[in-house]
Amino acid sequence: MAGSSFQSSAGWQTRMADLALSAGCADPAEASGLLRELHSLLQTSHPQEPALLSRDSEEQRLAALLAADACASAALLLIADRAGYMVSQGQPGRVLATVTLNGGAGEFSSEGASLALALTGALATAFCGARADGRSALRRPVSLRVN
């Protein structure tokens, strides 16, 4: 299925929204499966947004990290080059993650029972949220630097 694209933008967006919701409610033991689902969705990205597609080495690296039960590292692998992120853990057992997609489509947050789940939920929320407001998930980066 690698490299294929969904026929329906709404179907892809719905699956991404379902993933975001699942990540927020999931037990840490479910992180591996949800990360695989996120990766699968990224592999089936829309043709107009090829930057979402997984890189060649990503699948092998993801599999190795998940086999080693390094779910947080696997989540960070999927965020790399796609988004900036910030995490916070206030109360034991709950993590808040915020991501900003490259191109400045806004900030998107999710809470989860682990770092991996919070990052998965935030990234999935970002991709479905950016499309829901009519903007592309990725746009050409615009510098926000002020001199």
# chains A, B, ... in the order shown; residues from 1 in each chain; ligands from 1
>>> residues_around(residues="segment 56-62 of chain A", least_positions_apart="4", cutoff="8 Å", atoms="only C-alpha atoms", output="number ranges by chain")
A: 39, 66, 74, 77-78
>>> select_by_dssp(residues="segment 28-137 of chain A", states="strand (DSSP E)", output="PyMOL selection string")
chain A and resi 83-88+95-101+107-112
>>> write_last_selection(atoms="C-alpha atoms", output="PDB file, in the first residue's frame")
ATOM      1  CA  ALA A  83       6.156  19.371  12.515  1.00  0.00           C
ATOM      2  CA  GLY A  84       7.598  21.146  15.502  1.00  0.00           C
ATOM      3  CA  TYR A  85       6.450  19.935  18.896  1.00  0.00           C
ATOM      4  CA  MET A  86       6.244  20.779  22.573  1.00  0.00           C
ATOM      5  CA  VAL A  87       5.357  18.382  25.396  1.00  0.00           C
ATOM      6  CA  SER A  88       4.307  18.837  28.986  1.00  0.00           C
ATOM      7  CA  VAL A  95       1.089  13.978  28.783  1.00  0.00           C
ATOM      8  CA  LEU A  96       0.084  16.987  26.698  1.00  0.00           C
ATOM      9  CA  ALA A  97       1.662  17.420  23.265  1.00  0.00           C
ATOM     10  CA  THR A  98       1.310  20.345  20.893  1.00  0.00           C
ATOM     11  CA  VAL A  99       2.506  20.219  17.300  1.00  0.00           C
ATOM     12  CA  THR A 100       2.874  22.907  14.675  1.00  0.00           C
ATOM     13  CA  LEU A 101       2.960  21.641  11.119  1.00  0.00           C
ATOM     14  CA  GLU A 107      -1.032  24.620  16.671  1.00  0.00           C
ATOM     15  CA  PHE A 108      -2.777  21.356  17.503  1.00  0.00           C
ATOM     16  CA  SER A 109      -2.759  19.622  20.886  1.00  0.00           C
ATOM     17  CA  SER A 110      -3.675  16.254  22.327  1.00  0.00           C
ATOM     18  CA  GLU A 111      -3.435  14.573  25.701  1.00  0.00           C
ATOM     19  CA  GLY A 112      -2.478  10.947  26.153  1.00  0.00           C
TER      20      GLY A 112
END
>>> residues_around(residues="Cys25 of chain A", least_positions_apart="3", cutoff="10 Å", atoms="only C-alpha atoms", output="PyMOL selection string")
chain A and resi 20-22+28+30+111-113+117-118+121
>>> write_last_selection(atoms="N, CA, C and O atoms", output="short mmCIF file (atom, residue, chain, number, x, y, z; two decimals), in the first residue's frame")
data_model
loop_
_atom_site.label_atom_id
_atom_site.label_comp_id
_atom_site.auth_asym_id
_atom_site.auth_seq_id
_atom_site.Cartn_x
_atom_site.Cartn_y
_atom_site.Cartn_z
N ALA A 20 -6.78 10.23 16.05
CA ALA A 20 -6.54 11.25 17.08
C ALA A 20 -7.38 10.97 18.32
O ALA A 20 -6.88 11.04 19.45
N LEU A 21 -8.63 10.62 18.13
CA LEU A 21 -9.52 10.30 19.25
C LEU A 21 -9.05 9.04 19.98
O LEU A 21 -8.99 9.01 21.21
N SER A 22 -8.68 8.03 19.23
CA SER A 22 -8.21 6.78 19.82
C SER A 22 -6.95 6.99 20.65
O SER A 22 -6.80 6.42 21.73
N PRO A 28 -1.24 2.93 27.23
CA PRO A 28 0.11 2.93 26.65
C PRO A 28 0.47 1.66 25.87
O PRO A 28 1.24 1.71 24.92
N GLU A 30 -1.25 0.24 23.77
CA GLU A 30 -1.81 0.36 22.42
C GLU A 30 -1.03 1.30 21.52
O GLU A 30 -1.35 1.45 20.34
N GLU A 111 -3.88 15.15 24.44
CA GLU A 111 -3.44 14.57 25.70
C GLU A 111 -3.45 13.06 25.56
O GLU A 111 -4.30 12.51 24.86
N GLY A 112 -2.51 12.39 26.21
CA GLY A 112 -2.48 10.95 26.15
C GLY A 112 -1.86 10.36 27.40
O GLY A 112 -1.25 11.06 28.21
N ALA A 113 -1.99 9.05 27.54
CA ALA A 113 -1.47 8.34 28.70
C ALA A 113 0.04 8.13 28.63
O ALA A 113 0.63 7.64 29.59
N LEU A 117 1.54 8.43 22.81
CA LEU A 117 0.12 8.61 22.51
C LEU A 117 -0.24 10.09 22.35
O LEU A 117 -1.01 10.46 21.46
N ALA A 118 0.33 10.94 23.19
CA ALA A 118 0.06 12.37 23.08
C ALA A 118 0.58 12.91 21.75
O ALA A 118 -0.11 13.69 21.07
N GLY A 121 -1.62 11.56 18.86
CA GLY A 121 -2.90 12.27 18.82
C GLY A 121 -2.76 13.69 18.30
O GLY A 121 -3.57 14.16 17.51
#
